Number of protein chains: 8
Amino acid sequence: MNVDELLAAVAAGKMDLNEAKTWLKKLPYEDIGVAKLDHHRSLRRGFGEVIFGQGKSVEDFERIFRAFHERGEAILSTRTSKEQYAAVAHLDGAIAYDSRSRILTLKGEAQKKPPVGAVAVLTGGTADLPVAEEAAQTAEFFGAKVQRFYDVGVAGLHRLLDQLEAIQEAKVIVAVAGMEGALPGVVAGLVSVPVLGVPTSVGYGANFGGLSALLTMLNSCSEGVSVVNIDNGFGAGYSAAQMNRLMASEE
Amino acid sequence: MNVDELLAAVAAGKMDLNEAKTWLKKLPYEDIGVAKLDHHRSLRRGFGEVIFGQGKSVEDFERIFRAFHERGEAILSTRTSKEQYAAVAHLDGAIAYDSRSRILTLKGEAQKKPPVGAVAVLTGGTADLPVAEEAAQTAEFFGAKVQRFYDVGVAGLHRLLDQLEAIQEAKVIVAVAGMEGALPGVVAGLVSVPVLGVPTSVGYGANFGGLSALLTMLNSCSEGVSVVNIDNGFGAGYSAAQMNRLMASEE
Amino acid sequence: MNVDELLAAVAAGKMDLNEAKTWLKKLPYEDIGVAKLDHHRSLRRGFGEVIFGQGKSVEDFERIFRAFHERGEAILSTRTSKEQYAAVAHLDGAIAYDSRSRILTLKGEAQKKPPVGAVAVLTGGTADLPVAEEAAQTAEFFGAKVQRFYDVGVAGLHRLLDQLEAIQEAKVIVAVAGMEGALPGVVAGLVSVPVLGVPTSVGYGANFGGLSALLTMLNSCSEGVSVVNIDNGFGAGYSAAQMNRLMASEE
Amino acid sequence: MNVDELLAAVAAGKMDLNEAKTWLKKLPYEDIGVAKLDHHRSLRRGFGEVIFGQGKSVEDFERIFRAFHERGEAILSTRTSKEQYAAVAHLDGAIAYDSRSRILTLKGEAQKKPPVGAVAVLTGGTADLPVAEEAAQTAEFFGAKVQRFYDVGVAGLHRLLDQLEAIQEAKVIVAVAGMEGALPGVVAGLVSVPVLGVPTSVGYGANFGGLSALLTMLNSCSEGVSVVNIDNGFGAGYSAAQMNRLMASEE
Amino acid sequence: MNVDELLAAVAAGKMDLNEAKTWLKKLPYEDIGVAKLDHHRSLRRGFGEVIFGQGKSVEDFERIFRAFHERGEAILSTRTSKEQYAAVAHLDGAIAYDSRSRILTLKGEAQKKPPVGAVAVLTGGTADLPVAEEAAQTAEFFGAKVQRFYDVGVAGLHRLLDQLEAIQEAKVIVAVAGMEGALPGVVAGLVSVPVLGVPTSVGYGANFGGLSALLTMLNSCSEGVSVVNIDNGFGAGYSAAQMNRLMASEE
Amino acid sequence: MNVDELLAAVAAGKMDLNEAKTWLKKLPYEDIGVAKLDHHRSLRRGFGEVIFGQGKSVEDFERIFRAFHERGEAILSTRTSKEQYAAVAHLDGAIAYDSRSRILTLKGEAQKKPPVGAVAVLTGGTADLPVAEEAAQTAEFFGAKVQRFYDVGVAGLHRLLDQLEAIQEAKVIVAVAGMEGALPGVVAGLVSVPVLGVPTSVGYGANFGGLSALLTMLNSCSEGVSVVNIDNGFGAGYSAAQMNRLMASEE
Amino acid sequence: MNVDELLAAVAAGKMDLNEAKTWLKKLPYEDIGVAKLDHHRSLRRGFGEVIFGQGKSVEDFERIFRAFHERGEAILSTRTSKEQYAAVAHLDGAIAYDSRSRILTLKGEAQKKPPVGAVAVLTGGTADLPVAEEAAQTAEFFGAKVQRFYDVGVAGLHRLLDQLEAIQEAKVIVAVAGMEGALPGVVAGLVSVPVLGVPTSVGYGANFGGLSALLTMLNSCSEGVSVVNIDNGFGAGYSAAQMNRLMASEE
Amino acid sequence: MNVDELLAAVAAGKMDLNEAKTWLKKLPYEDIGVAKLDHHRSLRRGFGEVIFGQGKSVEDFERIFRAFHERGEAILSTRTSKEQYAAVAHLDGAIAYDSRSRILTLKGEAQKKPPVGAVAVLTGGTADLPVAEEAAQTAEFFGAKVQRFYDVGVAGLHRLLDQLEAIQEAKVIVAVAGMEGALPGVVAGLVSVPVLGVPTSVGYGANFGGLSALLTMLNSCSEGVSVVNIDNGFGAGYSAAQMNRLMASEE
């Protein structure tokens, strides 16, 4: 029974009013007002489910993965270990694993559509690549067209400036940097689109596990920079894809 | 002389090659490739200039304000003190000062256009209002249509849920919160648009000047949250306006 | 119109079903399932409303206070400045202000009932008194019988042990301490009831605004200690009153 | 000889006064006033002894465990390694080990009694389970009836709201959460019983080993939240059981 | 009645045994075993009482000061404000106030005895003087002979080495330093007596209120250094006097 | 008597050998080996003495200033308050005070020589000026030729690149920046001379009093950057002058 | 040639004065004034040499150990690994290794003398034993009579009070504690001798590697506490032995 | 085609003006004005390329190394693992690996030139050697003459003073120290040349991974100290070589 049926039953005198009231109180949220709570879920569902692999035992991972798999859903799993991958590699469907980004995917219908928009993913150095790939592949999984600009850190400014024209064509920029973390601020000063800063834990000494890069990005003097957690390539990729999709119909 | 003229002069044999080479070396960046550097500036210029009032002496503030004023530009000045306002209040044009947000504006043509899109600015409590207003008024200055949802913190969840439908109509959400700072994460779980978290220094004890709210937002489990510096309403308002404008033609 | 009336109207055929469904979607949460959200509010309301004075302008404070006052509700206002008190002192009713704890109260019916249970409030030193009084008076406002044991810090253990028998009669203990903050741990080792530790910012040097006492309490080796924020006497008093009331019918 | 006998001997002139005075000075604390020191111990003893396994060598662990075992006492050992378990697994009695929570128990008479009250243990995510189970099993060991509500984090608010009615039936709530740690604050806003927040070290980047969740909980805007150390499931379970028992006779 | 009298009364049959037992239970700790708790107090009492002025209202300060004053005791009050001093300046006896160290004293018999031993108080710079004087005058109040060696910081090593011979005659050394805080470690490498390091909050930038000097001293490679809290001249002076007195009879 | 005279006396048999040995033991360090300790002092003396004004009472400041003044020495006083300046303004000689940098100077012969070398002082923003001026004027006091490049922060890269050629002519660069502090790293990537980074406390929120800029500079990916304390313009100016002088004879 | 011989040669006219002056400048410090620098060394030498094993390769360790060994000196090596011990175990002399404290000793004549004085070493819990043993054995190596009082933490105050009389007989107390670290402060309030606090890294969560215990001890309200670095049992043992020896002749 | 050829072609009418303009826009920065960007690179190139080994997979490392190797360039690789070394050890040329400093070099022509100037590298203890060797060998690779002064920490000041004369002959000093990190400040007080402080992570407890030494050096009271990141021997060695070379022609 849903709200329509309930109201019909009440109108038809087939249901006691107290019973109806009780039913309404217990009504699953998705059937009335609070169904809005799931709005974003249904929206996202078209793009598949997400599993955060880190900290999950191989057994737990396999069980969760299978549950989604059986429902025939596309799956994006981040921070997946090789052992976790091995546990599900034999399942049906195009399961792919990228050891650098530790992203495991099972693509669905949504992933077969042509990508839209333009997301640029930049890194300061080569050591930031795993985080950058997590961002890039996440954005791709959620439908974005992604272009990579790696190793364009501010210590050699010409590397960045050489690529500037191409970078300026992006609608959203993800700038990944460790150590001093100055890349997002410098880039944001050169473009007119949102820049998502991703501090990485790359470095040593007083970088304190990425804190130095995080603080740099939060204190950026350039307008247009917002920041996600240290090493959170997934979060940046998701946000970039979300912004990109909302901007895409602009063209 | 610009690049076109130079090349014409060279082609016409009117210019010595060494002289031409020297000229090219000194060429202002805006005339050749690196002119891209100013791309964002010209874009933004239409919306007026920005002055960060804090830490500037009244004399310095007045001098900078006058310089912009004389060029006839629209001006947004953030963190402006009453003394700074007093020093320029007598100048021509519609100079307005809001003591709560400490924003001083001199509106130009761009500010007279009808606002576009939909930016929602939320606060956890009433004490977050100054920062929220800085965000809201900044976004409005840069052309966004802004709706305010104040005092909808997670300690009384019904206040937030009551307004959810209206909030979900925004294209970009700015969520301002101090103390525990959980608002952006909770909101992001209920919507499908970007959420910009603004931690505030509101609170006491172990909030350490806003650090607690900042860390909460950075560690949000909800996808779609990115964060700006503590109390940085301007930064959030700017980013929100930027995203909003890029999404606005979507409709 | 409420749910009962709606259902009656539907049953009587006086209301269109679509209209009814729309109404249900917009139904204020307190009328159906989500009314549970307000469960605690209605429960607490009997004891009056709470205003956090700190950071509110005198004007804002007065406006909020008046709104509650006009509804005839009892009011507990914490961290109230003398200026805020002055702005409402002339209003009707028994408005009282304690400058040490900065608590302002307008007592209602609930506050006239005899207090129940037994809450003990301890301090390590005399400088912790303002926070301790905030806790004690908050607990009293919410109906608890409170006994104070001040200046029983662990640097002079006999002061604590001399009072131990009386302390052990409490159902809930609030232990307030700055500097080293060892009091809650030592007390918890001597009693069998919950101890709420309140670190204070009292001290200097490496106490870092109360951090030292906070860490001490969180790391207590004694079972039964839980902790609230630095200087958060209100939070401890509220929790103590809540626990005390739930235990009170035990006798 | 106890105090009674001493006094009798003195009254009977059978004991020299100086000898009596000396005896009184050395009197074990448990025989006079300071025996109160042991009040909580004897109270707790009925529920068995507690061993903190972490950091103890297998040899030390076995020796301590045996000592309690020989006295026929019930034992709760937390943070027990598999090696430590192996060293005592062969001993008499129902020794059980749970590898997820790392709790090892030897149940006694107290543990055979029916549990009382109602403690709810909630987690934000599945990765918080080990800490939550430490809390839940500790509370059960000390006599509480425990109900688990796992994976109800604030990123998907409907998961929490769906269970709200059941959660509201608890007398004490333990809310376990890592990363942003917003769960205890949100829950406390929905219930009228004490909420014990347990921050976990689950997360990465700027969660700084649980610091982010800890600060969030300490800064909660909701009344009724108190906090234990990061990952301290035992402490929360103990406090919850203590509160629960003190409230239990209420019914 | 004391223990002797009680026992006599019991022996004489003048006291009921139950009454005696009750009396013993309530016996002030100082009369039996736990009287040891006061051992240090009685010892210290000969040297007068200590009041920590900081954070006390003028009224509270005056009340406490008077209480000691009326009992005819010597008084050492640290961190005393001018206002606090003014409130008691008119009382009988030789009340003296030193505005640099903010120490207020009322000397008693103990302070009239000739000082013993040899405590050296060193500072790195002139800005460390207030803390150093607090240490020196505290040590003098508690009976130590004190010699001052100011402005002998390690940035000009010859200043320290020039005085080395005199410094080496001390039995206990208090080394006060801010900024880099290297003095205690360097001195300890040159002497064979205990060095008490006192970090001061003197400095700016990354000294973080004395944290830099504190960490330096804690990490000293020289044996024989122990440390007190930042700016805690009193603590160092007290400890130095205590050690000095225990060593003094050596000569 | 100096070493020469002593040895002569010994050789002439005018001095007892034991007496000579004793004298040698007490010999002021500057007369034999340890005289090296003063090597740098005598070197620096030619450039005048330095007084750190901050934290010194007006009386102390005046007394120290007078002592140097009477010896006819040039004086550089940093962090001097207006009150300190007023206390010595009437003294003989060209005493000058700059309220922005808070530097007070009494120039001597050394300051009248033409400056040598080339030190460039850069700032990220206008708010960094006081620190930059402290650096620039310090370097000038110690004989360096200084060129200022202010407001060339990385948020508007073209401002920096426009001035690059001139900046590249410096022998030593002092780069002063607050907030994100990226300037020294970006500059060092564009030049081949030492860059001294000076983090400033300019900013708000998560800049934590300059910590963000400090960490950025320490983590710079560009070779050739070394860092001084937050706001330590004097230290950078001194080091720059020292390096500049050592390089100056190169030309 | 030494100073005596030099002076004799000069007096005898056998040495040129310039040559003599040069020789004096290069004179090893131990032969003239600065020989004081070695005062403490010669003093300590009687008790043997100290090697800090941690971080040294087995080869380096063996080489250093052998160098001391060959000079026939007593050796105390702290933080020695089993591998380091194995590398020197075969050498002559009574080489002993304690795996709990990781102390390796080669006792000399000084270690055969009867111990003097009275040092008490206390721990809060059993996990603090390795650090406590490092302190105790270090103190013993340097000649102190040591008595151990382990597992007397403040969570069970009776355990401490039961032993109080014996503890009060010490001349110096080393109090070792992790987690909350309250032991030194509580003990210092009960005795009249110096208490050296040793924070340990024992604990988890918000103890931050011993920081919680360190801050607690630094903020102790009890006079007479000074603190060494986290886990620095050696430093405390050394200081305790030093104080103890200086006090020992008192008896 | 370069700028000269382009201009010639334009002058000769062989090139279309629009084409020329396009070409100029895309001109590699090194050919016109911005070629300054590469100034330092070409300068440095003579001394070989630098690879930061840490965090690179063996495959990535080998690929990058080969690329440089094939171009016949000299190579300095820091933080190289044994595995990385093994992967390239078989290549042509004099490839050398130092396991203590983890520096791998392939020397080129520049490295065969005689070293110039005078860089002194000092360490506080033997455990600082790996970092010091990284600094020393880096400086040597870039052409500096380096002298090592190891184990001259301030805990035994005579060790430092004994070597002072030799140290004072350096043009640049690199002072490497862990734990308390006081060495650079003490040394800078004794010399008149720049001192580069390198904090190391050597130590334990409250050294917090080198933070204590870092803060000490930043807060040094001695003029002339600048600091690089914790354990950043390479950075110090590079800066020292750079300064040294710029000073070298002075002689």
# chains A, B, ... in the order shown; residues from 1 in each chain; ligands from 1
$ residues_around --residues "segment 129-132 of chain C" --least-positions-apart "4" --cutoff "7 Å" --atoms "only C-alpha atoms" --output "list of chain:residue names"
C:Arg100, C:Ser101, C:Val121, C:Thr123, C:Ala136, C:Val176, C:Asp231, C:Gly233
$ select_by_dssp --residues "segment 53-158 of chain G" --states "alpha helix (DSSP H)" --output "count of residues only"
39
$ residues_around --residues "Lys113 of chain H" --least-positions-apart "3" --cutoff "8 Å" --atoms "only C-alpha atoms" --output "JSON, numbers by chain"
{"H": [109, 110, 143]}
$ interface_residues --of "chain D" --to "chain G" --cutoff "7 Å" --atoms "only C-alpha atoms" --output "list in words"
Leu37, Gly55, Lys56, Asn229, Ile230 and Asp231 of chain D
$ residues_around --residues "Met217 of chain G" --least-positions-apart "3" --cutoff "12 Å" --atoms "only C-alpha atoms" --output "PyMOL selection string"
(chain C and resi 155+179-182+206-207+212-213+215-216) or (chain E and resi 226-229) or (chain G and resi 175-188+195-200+210-214+220-230)
$ residues_around --residues "Gln137 of chain H" --least-positions-apart "6" --cutoff "9 Å" --atoms "only C-alpha atoms" --output "PyMOL selection string"
chain H and resi 101+103+146+234+237
$ residues_around --residues "segment 7-11 of chain D" --least-positions-apart "3" --cutoff "6 Å" --atoms "only C-alpha atoms" --output "list in words"
Asp4, Lys14 and Met15 of chain D; Val10, Ala11 and Gly13 of chain E
$ write_last_selection --atoms "all heavy atoms" --output "compact mmCIF listing (two decimals), in the first residue's frame"
# COMPACT_ATOMS: atom_id res chain seq x y z
N ASP D 4 36.91 -3.40 65.90
CA ASP D 4 36.07 -3.83 67.03
C ASP D 4 36.90 -4.54 68.09
O ASP D 4 36.81 -4.25 69.29
CB ASP D 4 34.95 -4.76 66.53
CG ASP D 4 33.93 -3.99 65.67
OD1 ASP D 4 33.59 -2.85 66.05
OD2 ASP D 4 33.51 -4.52 64.64
N LYS D 14 43.60 -4.98 77.90
CA LYS D 14 44.51 -6.02 77.41
C LYS D 14 45.54 -5.47 76.42
O LYS D 14 46.36 -6.21 75.91
CB LYS D 14 43.71 -7.12 76.71
CG LYS D 14 42.87 -7.93 77.67
CD LYS D 14 42.09 -8.99 76.89
CE LYS D 14 41.20 -9.79 77.83
NZ LYS D 14 40.19 -10.56 77.09
N MET D 15 45.39 -4.23 76.09
CA MET D 15 46.31 -3.69 75.09
C MET D 15 46.88 -2.35 75.56
O MET D 15 46.14 -1.47 76.02
CB MET D 15 45.56 -3.46 73.78
CG MET D 15 46.51 -3.05 72.67
SD MET D 15 45.62 -2.88 71.11
CE MET D 15 46.51 -4.04 70.07
N VAL E 10 38.75 5.12 76.26
CA VAL E 10 38.29 3.74 76.06
C VAL E 10 38.85 2.84 77.15
O VAL E 10 38.15 2.03 77.77
CB VAL E 10 38.69 3.22 74.65
CG1 VAL E 10 38.47 1.72 74.56
CG2 VAL E 10 37.89 3.96 73.57
N ALA E 11 40.15 3.00 77.37
CA ALA E 11 40.80 2.18 78.39
C ALA E 11 40.17 2.41 79.75
O ALA E 11 40.04 1.49 80.57
CB ALA E 11 42.30 2.51 78.43
N GLY E 13 37.18 3.05 80.22
CA GLY E 13 35.77 2.67 80.22
C GLY E 13 34.83 3.86 80.16
O GLY E 13 33.63 3.75 80.38
$ select_by_dssp --residues "segment 21-202 of chain D" --states "strand (DSSP E or B)" --output "short mmCIF file (atom, residue, chain, number, x, y, z; two decimals) with N, CA, C and O atoms, in the first residue's frame"
data_model
loop_
_atom_site.label_atom_id
_atom_site.label_comp_id
_atom_site.auth_asym_id
_atom_site.auth_seq_id
_atom_site.Cartn_x
_atom_site.Cartn_y
_atom_site.Cartn_z
N GLU D 49 36.49 -9.05 37.00
CA GLU D 49 37.65 -8.20 36.89
C GLU D 49 37.91 -7.79 35.44
O GLU D 49 37.47 -8.45 34.52
N VAL D 50 38.66 -6.73 35.27
CA VAL D 50 38.98 -6.24 33.93
C VAL D 50 40.49 -6.24 33.71
O VAL D 50 41.25 -5.82 34.57
N ILE D 51 40.92 -6.77 32.57
CA ILE D 51 42.33 -6.72 32.19
C ILE D 51 42.44 -5.98 30.86
O ILE D 51 41.70 -6.27 29.92
N PHE D 52 43.35 -5.02 30.81
CA PHE D 52 43.62 -4.30 29.57
C PHE D 52 44.77 -5.01 28.87
O PHE D 52 45.92 -4.96 29.33
N ILE D 75 35.95 -12.62 34.31
CA ILE D 75 37.00 -11.78 33.75
C ILE D 75 36.55 -11.16 32.43
O ILE D 75 35.99 -11.85 31.58
N LEU D 76 36.80 -9.86 32.31
CA LEU D 76 36.63 -9.18 31.02
C LEU D 76 38.00 -8.66 30.62
O LEU D 76 38.61 -7.86 31.33
N SER D 77 38.50 -9.14 29.47
CA SER D 77 39.78 -8.65 29.01
C SER D 77 39.60 -7.94 27.68
O SER D 77 39.11 -8.51 26.71
N THR D 78 40.00 -6.67 27.63
CA THR D 78 39.85 -5.89 26.40
C THR D 78 41.17 -5.80 25.65
O THR D 78 42.23 -6.01 26.22
N ILE D 95 35.65 -19.75 28.47
CA ILE D 95 36.44 -18.63 27.98
C ILE D 95 36.10 -18.40 26.51
O ILE D 95 36.20 -19.30 25.69
N ALA D 96 35.67 -17.17 26.19
CA ALA D 96 35.27 -16.86 24.82
C ALA D 96 36.05 -15.66 24.31
O ALA D 96 36.37 -14.74 25.07
N TYR D 97 36.35 -15.68 23.02
CA TYR D 97 37.14 -14.61 22.42
C TYR D 97 36.46 -14.12 21.14
O TYR D 97 36.08 -14.93 20.30
N ASP D 98 36.32 -12.82 21.04
CA ASP D 98 35.71 -12.23 19.83
C ASP D 98 36.78 -11.45 19.08
O ASP D 98 37.24 -10.40 19.57
N ILE D 103 37.70 -8.75 22.49
CA ILE D 103 37.29 -8.96 23.88
C ILE D 103 37.32 -10.43 24.21
O ILE D 103 36.82 -11.27 23.45
N LEU D 104 37.93 -10.73 25.34
CA LEU D 104 37.99 -12.09 25.85
C LEU D 104 37.23 -12.11 27.17
O LEU D 104 37.46 -11.26 28.04
N THR D 105 36.33 -13.06 27.33
CA THR D 105 35.56 -13.10 28.57
C THR D 105 35.58 -14.48 29.22
O THR D 105 35.64 -15.50 28.53
N LEU D 106 35.54 -14.45 30.51
CA LEU D 106 35.24 -15.65 31.29
C LEU D 106 34.04 -15.25 32.14
O LEU D 106 34.16 -14.47 33.07
N VAL D 116 19.54 -6.02 32.17
CA VAL D 116 18.53 -5.03 32.56
C VAL D 116 18.65 -3.78 31.69
O VAL D 116 19.66 -3.56 31.02
N GLY D 117 17.63 -2.96 31.75
CA GLY D 117 17.67 -1.65 31.09
C GLY D 117 17.70 -1.70 29.58
O GLY D 117 17.22 -2.68 28.97
N ALA D 118 18.27 -0.68 28.99
CA ALA D 118 18.29 -0.58 27.54
C ALA D 118 19.41 0.37 27.10
O ALA D 118 19.30 1.58 27.28
N VAL D 119 20.47 -0.22 26.58
CA VAL D 119 21.57 0.57 26.05
C VAL D 119 21.56 0.41 24.53
O VAL D 119 21.52 -0.72 24.03
N ALA D 120 21.57 1.52 23.80
CA ALA D 120 21.66 1.45 22.35
C ALA D 120 23.08 1.81 21.93
O ALA D 120 23.63 2.79 22.41
N VAL D 121 23.65 0.98 21.05
CA VAL D 121 24.98 1.28 20.52
C VAL D 121 24.84 1.56 19.02
O VAL D 121 24.38 0.69 18.27
N LEU D 122 25.23 2.76 18.61
CA LEU D 122 25.10 3.17 17.21
C LEU D 122 26.48 3.37 16.59
O LEU D 122 27.42 3.75 17.29
N THR D 123 26.59 3.12 15.29
CA THR D 123 27.83 3.51 14.60
C THR D 123 27.49 4.32 13.36
O THR D 123 26.43 4.15 12.76
N ALA D 144 24.08 -5.00 31.14
CA ALA D 144 23.11 -4.19 30.39
C ALA D 144 22.52 -4.98 29.22
O ALA D 144 23.18 -5.82 28.61
N LYS D 145 21.26 -4.67 28.92
CA LYS D 145 20.60 -5.17 27.72
C LYS D 145 20.98 -4.20 26.60
O LYS D 145 20.76 -2.99 26.73
N VAL D 146 21.58 -4.72 25.55
CA VAL D 146 22.13 -3.85 24.52
C VAL D 146 21.47 -4.09 23.17
O VAL D 146 21.26 -5.24 22.78
N GLN D 147 21.12 -3.02 22.48
CA GLN D 147 20.62 -3.16 21.11
C GLN D 147 21.55 -2.38 20.18
O GLN D 147 21.97 -1.27 20.48
N ARG D 148 21.90 -3.00 19.04
CA ARG D 148 22.86 -2.40 18.12
C ARG D 148 22.15 -1.75 16.93
O ARG D 148 21.24 -2.33 16.33
N PHE D 149 22.61 -0.54 16.57
CA PHE D 149 22.11 0.15 15.38
C PHE D 149 23.34 0.59 14.59
O PHE D 149 23.89 1.67 14.85
N VAL D 172 20.22 4.80 27.68
CA VAL D 172 21.54 5.39 27.44
C VAL D 172 21.95 5.04 26.02
O VAL D 172 21.70 3.91 25.57
N ILE D 173 22.56 5.99 25.33
CA ILE D 173 22.98 5.75 23.95
C ILE D 173 24.48 5.92 23.83
O ILE D 173 25.04 6.90 24.32
N VAL D 174 25.12 4.93 23.21
CA VAL D 174 26.54 5.05 22.87
C VAL D 174 26.61 5.27 21.36
O VAL D 174 26.15 4.43 20.60
N ALA D 175 27.15 6.42 20.95
CA ALA D 175 27.23 6.73 19.52
C ALA D 175 28.69 6.75 19.10
O ALA D 175 29.46 7.61 19.54
N VAL D 176 29.04 5.80 18.23
CA VAL D 176 30.43 5.59 17.81
C VAL D 176 30.60 6.12 16.39
O VAL D 176 29.86 5.70 15.50
N ALA D 177 31.56 7.02 16.17
CA ALA D 177 31.74 7.55 14.83
C ALA D 177 33.15 8.05 14.60
O ALA D 177 33.77 8.62 15.51
N VAL D 195 23.81 10.71 25.84
CA VAL D 195 24.51 10.16 24.69
C VAL D 195 26.01 10.19 24.98
O VAL D 195 26.57 11.26 25.25
N LEU D 196 26.63 9.02 24.94
CA LEU D 196 28.08 8.93 25.12
C LEU D 196 28.72 8.87 23.74
O LEU D 196 28.50 7.92 22.99
N GLY D 197 29.50 9.87 23.39
CA GLY D 197 30.16 9.90 22.09
C GLY D 197 31.49 9.17 22.15
O GLY D 197 32.29 9.41 23.06
N VAL D 198 31.74 8.30 21.20
CA VAL D 198 33.03 7.61 21.10
C VAL D 198 33.65 7.94 19.74
O VAL D 198 33.26 7.38 18.72
N PRO D 199 34.61 8.86 19.71
CA PRO D 199 35.29 9.11 18.44
C PRO D 199 36.17 7.92 18.08
O PRO D 199 36.78 7.30 18.96
#
